[in-house]
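Source file coords.tsv; content: TSV, C-alpha atoms.
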```tsv
chain	number	residue	atom	x	y	z
A	1067	GLN	CA	1.20	49.84	0.21
A	1068	TYR	CA	4.32	51.97	-0.19
A	1069	GLN	CA	3.53	55.57	-1.03
A	1070	LEU	CA	5.27	58.94	-1.22
A	1071	VAL	CA	3.33	62.19	-1.19
A	1072	GLU	CA	4.83	65.62	-1.82
A	1073	SER	CA	3.30	68.79	-0.43
A	1074	GLY	CA	4.15	72.44	0.09
A	1075	GLY	CA	4.29	73.66	-3.48
A	1076	GLY	CA	2.60	76.82	-4.67
A	1077	LEU	CA	3.03	80.26	-6.15
A	1078	VAL	CA	5.70	82.50	-4.65
A	1079	GLN	CA	7.33	85.77	-5.68
A	1080	PRO	CA	11.00	85.90	-6.63
A	1081	GLY	CA	13.12	86.04	-3.52
A	1082	GLY	CA	10.53	84.19	-1.48
A	1083	SER	CA	10.68	80.85	0.30
A	1084	LEU	CA	8.84	77.54	0.31
A	1085	THR	CA	9.30	74.29	2.19
A	1086	LEU	CA	8.45	71.09	0.36
A	1087	SER	CA	7.71	67.93	2.30
A	1088	CYS	CA	7.99	64.31	1.14
A	1089	ALA	CA	5.92	62.04	3.37
A	1090	ALA	CA	6.13	58.26	3.30
A	1091	SER	CA	3.49	55.72	4.21
A	1092	GLY	CA	3.99	51.98	4.48
A	1093	PHE	CA	7.74	52.25	5.04
A	1094	THR	CA	10.31	54.18	7.08
A	1095	LEU	CA	12.14	56.89	5.18
A	1096	ASP	CA	15.16	56.76	7.49
A	1097	TYR	CA	16.16	53.46	5.85
A	1098	TYR	CA	16.12	54.98	2.36
A	1099	ALA	CA	18.07	57.60	0.53
A	1100	VAL	CA	15.77	60.39	-0.56
A	1101	GLY	CA	16.12	62.77	-3.44
A	1102	TRP	CA	14.30	65.81	-4.71
A	1103	PHE	CA	14.07	66.22	-8.48
A	1104	ARG	CA	12.36	68.79	-10.65
A	1105	GLN	CA	11.12	68.99	-14.19
A	1106	ALA	CA	10.21	72.17	-16.02
A	1107	PRO	CA	8.18	72.13	-19.25
A	1108	GLY	CA	10.34	71.05	-22.18
A	1109	LYS	CA	13.31	70.17	-19.96
A	1110	ASP	CA	14.78	66.95	-18.61
A	1111	ARG	CA	14.28	65.90	-15.01
A	1112	GLU	CA	17.02	67.42	-12.83
A	1113	GLY	CA	18.35	66.18	-9.52
A	1114	VAL	CA	18.07	69.08	-7.06
A	1115	SER	CA	19.20	67.60	-3.77
A	1116	CYS	CA	19.69	64.12	-2.34
A	1117	ILE	CA	20.34	62.77	1.15
A	1118	ASN	CA	21.82	59.36	1.91
A	1119	THR	CA	20.99	56.97	4.72
A	1120	GLY	CA	23.41	56.34	7.56
A	1121	ASP	CA	25.65	59.41	7.59
A	1122	SER	CA	22.95	61.50	5.88
A	1123	SER	CA	25.50	62.89	3.45
A	1124	THR	CA	23.95	65.36	1.06
A	1125	PHE	CA	24.34	66.61	-2.48
A	1126	TYR	CA	23.07	69.82	-4.02
A	1127	ALA	CA	22.94	70.83	-7.65
A	1128	ASP	CA	25.06	73.90	-8.36
A	1129	SER	CA	21.94	75.81	-9.33
A	1130	VAL	CA	20.50	75.55	-5.80
A	1131	LYS	CA	23.60	75.36	-3.61
A	1132	GLY	CA	23.42	77.87	-0.78
A	1133	ARG	CA	19.69	78.44	-1.29
A	1134	PHE	CA	18.11	75.00	-0.70
A	1135	THR	CA	18.48	72.71	2.32
A	1136	ILE	CA	17.41	69.07	2.52
A	1137	SER	CA	16.71	67.49	5.89
A	1138	ARG	CA	15.07	64.51	7.53
A	1139	ASP	CA	12.31	64.63	10.12
A	1140	SER	CA	12.31	61.11	11.52
A	1141	ALA	CA	9.42	61.75	13.90
A	1142	LYS	CA	7.16	62.69	10.99
A	1143	ASN	CA	8.68	60.19	8.54
A	1144	THR	CA	9.34	62.99	6.07
A	1145	VAL	CA	12.19	64.58	4.16
A	1146	ASN	CA	11.91	68.31	3.67
A	1147	LEU	CA	13.38	70.72	1.14
A	1148	GLN	CA	13.70	74.27	2.42
A	1149	MET	CA	13.91	76.60	-0.58
A	1150	ASN	CA	15.04	80.20	-0.08
A	1151	SER	CA	15.80	83.07	-2.45
A	1152	LEU	CA	13.63	81.48	-5.10
A	1153	LYS	CA	14.10	82.46	-8.73
A	1154	PRO	CA	11.81	82.14	-11.77
A	1155	ASP	CA	14.18	79.41	-13.04
A	1156	ASP	CA	13.17	77.29	-10.03
A	1157	THR	CA	9.68	76.95	-11.50
A	1158	ALA	CA	8.98	73.26	-12.07
A	1159	VAL	CA	7.14	70.22	-10.81
A	1160	TYR	CA	9.12	68.86	-7.87
A	1161	TYR	CA	9.22	65.11	-7.20
A	1162	CYS	CA	10.69	63.09	-4.37
A	1163	GLU	CA	12.26	59.67	-4.70
A	1164	ALA	CA	13.08	57.11	-2.02
A	1165	ALA	CA	15.61	54.48	-3.03
A	1166	TRP	CA	17.78	51.70	-1.66
A	1167	PRO	CA	20.55	50.70	-1.97
A	1168	ILE	CA	22.39	53.65	-3.44
A	1169	THR	CA	26.08	54.48	-3.69
A	1170	THR	CA	26.31	58.21	-2.98
A	1171	SER	CA	23.82	61.04	-2.78
A	1172	ARG	CA	25.50	62.65	-5.80
A	1173	VAL	CA	25.03	59.53	-7.91
A	1174	MET	CA	21.42	59.30	-6.79
A	1175	CYS	CA	20.78	62.84	-8.00
A	1176	ASP	CA	22.50	62.08	-11.29
A	1177	MET	CA	20.65	58.84	-11.96
A	1178	ALA	CA	17.01	59.62	-11.08
A	1179	GLY	CA	15.85	56.04	-10.65
A	1180	GLY	CA	16.85	52.48	-11.49
A	1181	TYR	CA	17.33	51.13	-7.97
A	1182	GLU	CA	16.22	47.79	-6.57
A	1183	TYR	CA	13.78	49.54	-4.23
A	1184	ASP	CA	12.62	52.76	-5.84
A	1185	TYR	CA	9.55	54.85	-5.04
A	1186	TRP	CA	8.37	58.15	-6.48
A	1187	GLY	CA	5.74	60.66	-5.51
A	1188	GLN	CA	3.25	62.34	-7.84
A	1189	GLY	CA	4.92	65.74	-7.72
A	1190	THR	CA	4.06	69.22	-6.48
A	1191	GLN	CA	4.08	72.37	-8.60
A	1192	VAL	CA	6.34	75.26	-7.64
A	1193	THR	CA	5.84	78.51	-9.54
A	1194	VAL	CA	8.08	81.51	-8.94
A	1195	SER	CA	6.63	84.60	-10.51
A	1196	SER	CA	5.81	88.20	-9.76
```
Show how you would write the structure in this file as structure tokens.
Amino acid sequence: QYQLVESGGGLVQPGGSLTLSCAASGFTLDYYAVGWFRQAPGKDREGVSCINTGDSSTFYADSVKGRFTISRDSAKNTVNLQMNSLKPDDTAVYYCEAAWPITTSRVMCDMAGGYEYDYWGQGTQVTVSS
């Protein structure tokens, strides 16, 4: 059974940091592009950061560029999202997606789904508040 599980969410003060982890079971994440998306109440789902297979090219939304870093941990079969300098606007449920084949990491973040092989996790809540 193919499954993705997100972890690492929680409550953090503005300016703080969190690291989200997307763990796969039943398949190897290195063979898939992986994206992090978020959805705040009343808003559309937004592509935050995506990483391709092969060259591991990355894309970041303008709203998180310079603050968030996406990376693979092949040994643990995870993709992590390091989030620094968090702001209240970063508050949302964060989801990870594993997909194949994709074109570019930017397109993956724009599309949020629709691939031949496409798996999503259940989400993890991130709340940035003082």
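With all atoms listed in the file as the atoms that count, the minimum distance from Tyr1185 (chain A) to the choices A:Gln1148, A:Val1071, A:Cys1116, A:Ala1165 is reached by A:Ala1165.
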- Task: One decimal, Å: what's the distance from CA of Ile1117 (chain A) over to CA of Ser1087 (chain A), could you say?
- Result: 13.7 Å
- Query: Do you know which residues are at most 12 Å from Gly1108 (chain A) counting all atoms listed in the file, after dropping those on the same chain fewer than 4 positions away, and could you put them as a list in words?
  - Reply: Arg1104, Ala1158 and Val1159 of chain A
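Considering the residues A:Asp1155, A:Tyr1183, A:Pro1080, A:Gly1101 and counting only C-alpha atoms, Ser1196 (chain A) has its shortest atom-to-atom contact with A:Pro1080.
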- Task: For Trp1102 (chain A), list every protein, DNA or RNA residue within 7 Å, evaluated using only C-alpha atoms, and leave out those in the same chain fewer than 5 positions away; present the list as a PyMOL selection string.
- Result: chain A and resi 1113-1116+1160-1163
Keeping only C-alpha atoms, write the selected residues to a file as a CSV table (one decimal), in the coordinates of the input.
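After the write, out_0.csv holds the following:
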```
chain,number,residue,atom,x,y,z
A,1113,GLY,CA,18.4,66.2,-9.5
A,1114,VAL,CA,18.1,69.1,-7.1
A,1115,SER,CA,19.2,67.6,-3.8
A,1116,CYS,CA,19.7,64.1,-2.3
A,1160,TYR,CA,9.1,68.9,-7.9
A,1161,TYR,CA,9.2,65.1,-7.2
A,1162,CYS,CA,10.7,63.1,-4.4
A,1163,GLU,CA,12.3,59.7,-4.7
```
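Checking A:Ala1164, A:Met1174, A:Glu1112, A:Asp1184 one by one against Val1145 (chain A), counting only C-alpha atoms, you find the shortest gap at A:Ala1164.
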- Which neighbours of region 1123-1138 of chain A fall inside 12 Å, counting all atoms listed in the file, when residues of the same chain fewer than 5 positions from it are skipped, and could you give them as a count of residues only? 51
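Here CA of Gly1075 (chain A) is placed at a distance of 24.2 Å from CA of Ser1122 (chain A).
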- What is the distance, in Å and to one decimal place, between CA of Thr1119 (chain A) and CA of Tyr1068 (chain A)? 18.1 Å
